[in-house]
Amino acid sequence: MNYFKLYFVYLKRSFITRLEYKKDTIISILSFIFGNASAILSIYFILNSIPSLKGWNMYQLGFLYGFSMMPVSLDHLFADDLWNVAYNKVKSGELDRMFLRPVPVLFQVIAETFQLEGLGELIVGIIMISLCGGHIGINWTFPIILLLIVATIFGALIITELKILTSSFAFIFKKSGPLVQMVYNCVSFTNYPLKIFPKVVQVILTFIIPFALFISLPIESILFDTYSPYMLSGIIILFALVFGVISLLVWKACINHYESSGS
Amino acid sequence: MFKRYRPFFKAGMMDMLAYKFNLYTWLLVSSLQVACLVFLWLGVYQSSLEGINSIINGFNYKEMLVYIVFINIFNFVTLDENTLWTIDIEVHDGTIAMSFVKPISYRLRMLFTTFGAFATRVLVIGIPLFIISYGIFYGIGFIVIKSALDLILHLILFIISQMCSLILYDTFSYIFGILCFYTTSSFGLNQLMNVVLKFFSGSLIPISFFPGIMKDICYYLPFAGISQNPILILINKASYIESLKYIGLSLIWIILLNLIAKLLFYTASKKVTVQGG
């Protein structure tokens, strides 16, 4: 079975579904852009009244915010249907049909939606990075670009893996949406410098729910030279692998508990 | 008139009660968000020129933390987009057609359902949470009570303005719900409504942080009455005259927006596309 071919079939179908509601899709993308723009504006207005936030100026904060949207948007584009698994697909028994097909359920879930809203975030993110990065005068050397690419791709992978891990529990408890939401929402902590949080929160965000590892630390390293880009890239990849193995094992263990809710 | 809509009030109440557990889990989720904001603002005040005790745009750090906590509690209790979802569902499954023949107002039906749901949320979450947080803030000196009379008057004004907030938000929810007639899907409209309201209502940052002309405009828009103004009244950052002004403004907007909603419903109902049903 050629999974790439199959994925494109799914992709096409997903596009057609969204085009059915063309106006709504456009409004939705716009609202994602507006939502992020308003968050950025809020930071800007706050920074108008203080010299810097713990040593971070406006452009550095913008750079951080812009970059935080990159892995988030990739996950949003490719793996948004996990939310539905966690919230309602197990409960409603909609997952039944997926078990009947000769393709892994996880693949079908991932392939199910291509969430166009992610494009809005991706665009705003790239604009923010290039605008703020230009203003700060970042020296775009090879290690820096490598670090950003690794952090984006493997960061997105870690987000998706966290979502797989937490939504697995829906197979046992029928619903695990709030748990997914709680873990996922921690990403908003990385919109601000890690330094403003207490030590214990910093440790959790770096090692346990490691959003800071692939958002805050790379940006800190680029702006303030804290860690070597190569080392950090390696650690991010390592974490993505470890989390990948764990999340797949948990998914496999939990999916055996699936029983149709029968309605 | 109230009698005719009492069943809807009750239904809203019961519906919300059935999802009590959901409410508590959501509360847990949003408390993380609030924690993040608290750390952010502490960081902001620590980084300011005059140190932690400086006053930024009329707020000292104690007032700001109280503001952030209360605005999140009352947004949680008051803002309920159920009207939008209901309209969307009824457009989809065709039951909206029934509302054209029934001798009750669609708008009032929605409003009373919202009131019912609100009553449950106030009892289950609003009051306990408010008493606990108010007590804690008072205990650690973040809230100063001038006199018992002053407290009671501010509480009364707060309750009135919070009711205005409920009706205002429900009206927006209704208007965006009717717009679903045109888009035949509510996902995007719901997103749009929430991001716009969140920003302009002062839920992200108080409107006094907005620059010059934008601030002046936002004071007169209906959004501030949804989140910011009730909280300013509650935490004693609005004088009596200001409080009455806020409430008056909200009332004017309630009337205006409901007239717009009526007009919109009238035009949209001629265009409604029912999918099946």
# chains A, B, ... in the order shown; residues from 1 in each chain; ligands from 1
$ closest_atom_pairs --of "chain B" --to "chain A" --cutoff "9 Å" --atoms "only C-alpha atoms" --output "JSON lines"
{"residue": "B:Asn22", "atom": "CA", "partner": "A:Pro178", "partner_atom": "CA", "distance": 8.6}
{"residue": "B:Thr25", "atom": "CA", "partner": "A:Pro178", "partner_atom": "CA", "distance": 6.4}
{"residue": "B:Trp26", "atom": "CA", "partner": "A:Pro178", "partner_atom": "CA", "distance": 6.8}
{"residue": "B:Leu28", "atom": "CA", "partner": "A:Met182", "partner_atom": "CA", "distance": 8.0}
{"residue": "B:Val29", "atom": "CA", "partner": "A:Met182", "partner_atom": "CA", "distance": 5.2}
{"residue": "B:Ser30", "atom": "CA", "partner": "A:Met182", "partner_atom": "CA", "distance": 8.2}
{"residue": "B:Leu32", "atom": "CA", "partner": "A:Met182", "partner_atom": "CA", "distance": 7.6}
{"residue": "B:Gln33", "atom": "CA", "partner": "A:Asn185", "partner_atom": "CA", "distance": 7.4}
{"residue": "B:Cys36", "atom": "CA", "partner": "A:Phe189", "partner_atom": "CA", "distance": 6.1}
{"residue": "B:Leu37", "atom": "CA", "partner": "A:Phe189", "partner_atom": "CA", "distance": 8.7}
{"residue": "B:Phe39", "atom": "CA", "partner": "A:Phe197", "partner_atom": "CA", "distance": 6.0}
{"residue": "B:Leu40", "atom": "CA", "partner": "A:Ile196", "partner_atom": "CA", "distance": 6.4}
{"residue": "B:Leu42", "atom": "CA", "partner": "A:Ile196", "partner_atom": "CA", "distance": 7.8}
{"residue": "B:Gly43", "atom": "CA", "partner": "A:Ile196", "partner_atom": "CA", "distance": 5.3}
{"residue": "B:Val44", "atom": "CA", "partner": "A:Leu53", "partner_atom": "CA", "distance": 5.9}
{"residue": "B:Tyr45", "atom": "CA", "partner": "A:Ile50", "partner_atom": "CA", "distance": 8.2}
{"residue": "B:Gln46", "atom": "CA", "partner": "A:Lys54", "partner_atom": "CA", "distance": 7.9}
{"residue": "B:Ser47", "atom": "CA", "partner": "A:Lys54", "partner_atom": "CA", "distance": 5.6}
{"residue": "B:Ser48", "atom": "CA", "partner": "A:Ile50", "partner_atom": "CA", "distance": 5.0}
{"residue": "B:Leu49", "atom": "CA", "partner": "A:Ile50", "partner_atom": "CA", "distance": 6.7}
{"residue": "B:Ile56", "atom": "CA", "partner": "A:Ser49", "partner_atom": "CA", "distance": 6.8}
{"residue": "B:Asn57", "atom": "CA", "partner": "A:Ser49", "partner_atom": "CA", "distance": 7.9}
{"residue": "B:Cys180", "atom": "CA", "partner": "A:Asp24", "partner_atom": "CA", "distance": 8.7}
{"residue": "B:Tyr182", "atom": "CA", "partner": "A:Lys23", "partner_atom": "CA", "distance": 8.5}
{"residue": "B:Thr183", "atom": "CA", "partner": "A:Asp24", "partner_atom": "CA", "distance": 5.7}
{"residue": "B:Thr184", "atom": "CA", "partner": "A:Tyr21", "partner_atom": "CA", "distance": 7.0}
{"residue": "B:Ser185", "atom": "CA", "partner": "A:Asp24", "partner_atom": "CA", "distance": 6.1}
{"residue": "B:Ser186", "atom": "CA", "partner": "A:Asp24", "partner_atom": "CA", "distance": 7.1}
{"residue": "B:Phe187", "atom": "CA", "partner": "A:Asp24", "partner_atom": "CA", "distance": 7.0}
{"residue": "B:Gly188", "atom": "CA", "partner": "A:Ser28", "partner_atom": "CA", "distance": 3.8}
{"residue": "B:Leu189", "atom": "CA", "partner": "A:Ile27", "partner_atom": "CA", "distance": 6.5}
{"residue": "B:Asn190", "atom": "CA", "partner": "A:Ser28", "partner_atom": "CA", "distance": 8.5}
{"residue": "B:Gln191", "atom": "CA", "partner": "A:Ser31", "partner_atom": "CA", "distance": 6.0}
{"residue": "B:Leu192", "atom": "CA", "partner": "A:Ser31", "partner_atom": "CA", "distance": 4.6}
{"residue": "B:Met193", "atom": "CA", "partner": "A:Ser31", "partner_atom": "CA", "distance": 8.2}
{"residue": "B:Asn194", "atom": "CA", "partner": "A:Gly35", "partner_atom": "CA", "distance": 8.7}
{"residue": "B:Val195", "atom": "CA", "partner": "A:Gly35", "partner_atom": "CA", "distance": 5.2}
{"residue": "B:Val196", "atom": "CA", "partner": "A:Gly35", "partner_atom": "CA", "distance": 7.5}
{"residue": "B:Lys198", "atom": "CA", "partner": "A:Gly35", "partner_atom": "CA", "distance": 8.8}
{"residue": "B:Phe199", "atom": "CA", "partner": "A:Ser38", "partner_atom": "CA", "distance": 6.2}
{"residue": "B:Leu204", "atom": "CA", "partner": "A:Ser42", "partner_atom": "CA", "distance": 6.9}
{"residue": "B:Ile205", "atom": "CA", "partner": "A:Ser42", "partner_atom": "CA", "distance": 6.4}
{"residue": "B:Phe209", "atom": "CA", "partner": "A:Phe45", "partner_atom": "CA", "distance": 6.0}
{"residue": "B:Phe210", "atom": "CA", "partner": "A:Phe45", "partner_atom": "CA", "distance": 6.2}
{"residue": "B:Pro211", "atom": "CA", "partner": "A:Phe45", "partner_atom": "CA", "distance": 7.4}
$ select_by_dssp --residues "stretch 88-226 of chain B" --states "alpha helix (DSSP H)" --output "PyMOL selection string"
chain B and resi 88-93+96-101+106-121+127-139+148-183+187-200+212-220
$ residues_around --residues "A:Ala212" --least-positions-apart "4" --cutoff "12 Å" --atoms "only C-alpha atoms" --output "ChimeraX atom specification"
/A:64,67-68,71,151,155,158-159,186-195,197,201-208,216-221,232,236
$ residues_around --residues "stretch 118-135 of chain B" --least-positions-apart "5" --cutoff "7 Å" --atoms "only C-alpha atoms" --output "PyMOL selection string"
chain B and resi 13+16-17+77-78
$ closest_residue --among "B:Ser239, B:Asn258, B:Thr114, B:Asn72" --to "B:Val38" --atoms "only C-alpha atoms"
B:Asn72
$ residues_around --residues "stretch 81-86 of chain B" --least-positions-apart "6" --cutoff "7 Å" --atoms "only C-alpha atoms" --output "PyMOL selection string"
chain B and resi 110+170+173-174+176-177
$ write_last_selection --atoms "all heavy atoms" --output "PDB file, in the first residue's frame"
ATOM      1  N   MET B 110     -34.273  32.313  22.511  1.00  0.00           N
ATOM      2  CA  MET B 110     -32.826  32.150  22.681  1.00  0.00           C
ATOM      3  C   MET B 110     -32.354  32.833  23.957  1.00  0.00           C
ATOM      4  O   MET B 110     -31.554  32.308  24.716  1.00  0.00           O
ATOM      5  CB  MET B 110     -32.073  32.760  21.491  1.00  0.00           C
ATOM      6  CG  MET B 110     -32.278  32.022  20.209  1.00  0.00           C
ATOM      7  SD  MET B 110     -31.637  30.357  20.362  1.00  0.00           S
ATOM      8  CE  MET B 110     -32.413  29.577  19.000  1.00  0.00           C
ATOM      9  N   ASP B 170     -25.051  37.657  24.245  1.00  0.00           N
ATOM     10  CA  ASP B 170     -26.038  36.799  23.607  1.00  0.00           C
ATOM     11  C   ASP B 170     -26.535  37.422  22.306  1.00  0.00           C
ATOM     12  O   ASP B 170     -26.818  36.721  21.343  1.00  0.00           O
ATOM     13  CB  ASP B 170     -27.211  36.551  24.560  1.00  0.00           C
ATOM     14  CG  ASP B 170     -28.170  35.513  24.000  1.00  0.00           C
ATOM     15  OD1 ASP B 170     -27.737  34.369  23.839  1.00  0.00           O
ATOM     16  OD2 ASP B 170     -29.320  35.873  23.678  1.00  0.00           O
ATOM     17  N   SER B 173     -23.980  36.771  19.766  1.00  0.00           N
ATOM     18  CA  SER B 173     -24.079  35.351  19.444  1.00  0.00           C
ATOM     19  C   SER B 173     -25.249  35.112  18.486  1.00  0.00           C
ATOM     20  O   SER B 173     -25.155  34.332  17.544  1.00  0.00           O
ATOM     21  CB  SER B 173     -24.267  34.582  20.745  1.00  0.00           C
ATOM     22  OG  SER B 173     -24.170  33.223  20.569  1.00  0.00           O
ATOM     23  N   TYR B 174     -26.344  35.813  18.745  1.00  0.00           N
ATOM     24  CA  TYR B 174     -27.541  35.698  17.899  1.00  0.00           C
ATOM     25  C   TYR B 174     -27.271  36.247  16.499  1.00  0.00           C
ATOM     26  O   TYR B 174     -27.589  35.621  15.498  1.00  0.00           O
ATOM     27  CB  TYR B 174     -28.674  36.455  18.574  1.00  0.00           C
ATOM     28  CG  TYR B 174     -30.007  36.376  17.887  1.00  0.00           C
ATOM     29  CD1 TYR B 174     -30.774  35.222  17.966  1.00  0.00           C
ATOM     30  CD2 TYR B 174     -30.504  37.455  17.166  1.00  0.00           C
ATOM     31  CE1 TYR B 174     -32.010  35.150  17.346  1.00  0.00           C
ATOM     32  CE2 TYR B 174     -31.741  37.393  16.543  1.00  0.00           C
ATOM     33  CZ  TYR B 174     -32.490  36.238  16.637  1.00  0.00           C
ATOM     34  OH  TYR B 174     -33.698  36.168  16.025  1.00  0.00           O
ATOM     35  N   PHE B 176     -24.367  36.647  14.963  1.00  0.00           N
ATOM     36  CA  PHE B 176     -23.455  35.765  14.228  1.00  0.00           C
ATOM     37  C   PHE B 176     -24.144  34.453  13.868  1.00  0.00           C
ATOM     38  O   PHE B 176     -23.840  33.845  12.843  1.00  0.00           O
ATOM     39  CB  PHE B 176     -22.173  35.518  15.031  1.00  0.00           C
ATOM     40  CG  PHE B 176     -21.155  36.611  14.854  1.00  0.00           C
ATOM     41  CD1 PHE B 176     -21.222  37.769  15.595  1.00  0.00           C
ATOM     42  CD2 PHE B 176     -20.145  36.471  13.919  1.00  0.00           C
ATOM     43  CE1 PHE B 176     -20.301  38.777  15.428  1.00  0.00           C
ATOM     44  CE2 PHE B 176     -19.214  37.480  13.733  1.00  0.00           C
ATOM     45  CZ  PHE B 176     -19.288  38.634  14.494  1.00  0.00           C
ATOM     46  N   GLY B 177     -25.070  34.025  14.717  1.00  0.00           N
ATOM     47  CA  GLY B 177     -25.834  32.833  14.401  1.00  0.00           C
ATOM     48  C   GLY B 177     -26.656  33.024  13.138  1.00  0.00           C
ATOM     49  O   GLY B 177     -26.718  32.149  12.275  1.00  0.00           O
TER      50      GLY B 177
END
$ atom_distance --atom1 "atom CA of A:Lys89" --atom2 "atom CA of A:Ser167"
10.8 Å
$ residues_around --residues "A:Asp81" --least-positions-apart "4" --cutoff "8 Å" --atoms "only C-alpha atoms" --output "ChimeraX atom specification"
/A:85,109-110,112-113
$ atom_distance --atom1 "atom CA of A:Val124" --atom2 "atom CA of A:Leu77"
14.3 Å
$ closest_residue --among "A:His257, A:Lys174, A:His76, A:Lys91" --to "A:Leu122" --atoms "only C-alpha atoms"
A:His76
$ residues_around --residues "A:Met98" --least-positions-apart "5" --cutoff "10 Å" --atoms "only C-alpha atoms" --output "list in words"
Val103, Pro104, Val105, Leu106, Phe107, Gln108 and Val109 of chain A
$ closest_residue --among "A:Ile235, A:Ile255, A:Met70, A:Leu248" --to "A:Gly120" --atoms "only C-alpha atoms"
A:Met70
$ atom_distance --atom1 "atom CA of A:Ser176" --atom2 "atom CA of A:Tyr258"
13.4 Å
$ closest_residue --among "A:Ile129, A:Ile164, A:Ile215, A:Phe224" --to "A:Asn84" --atoms "only C-alpha atoms"
A:Ile164
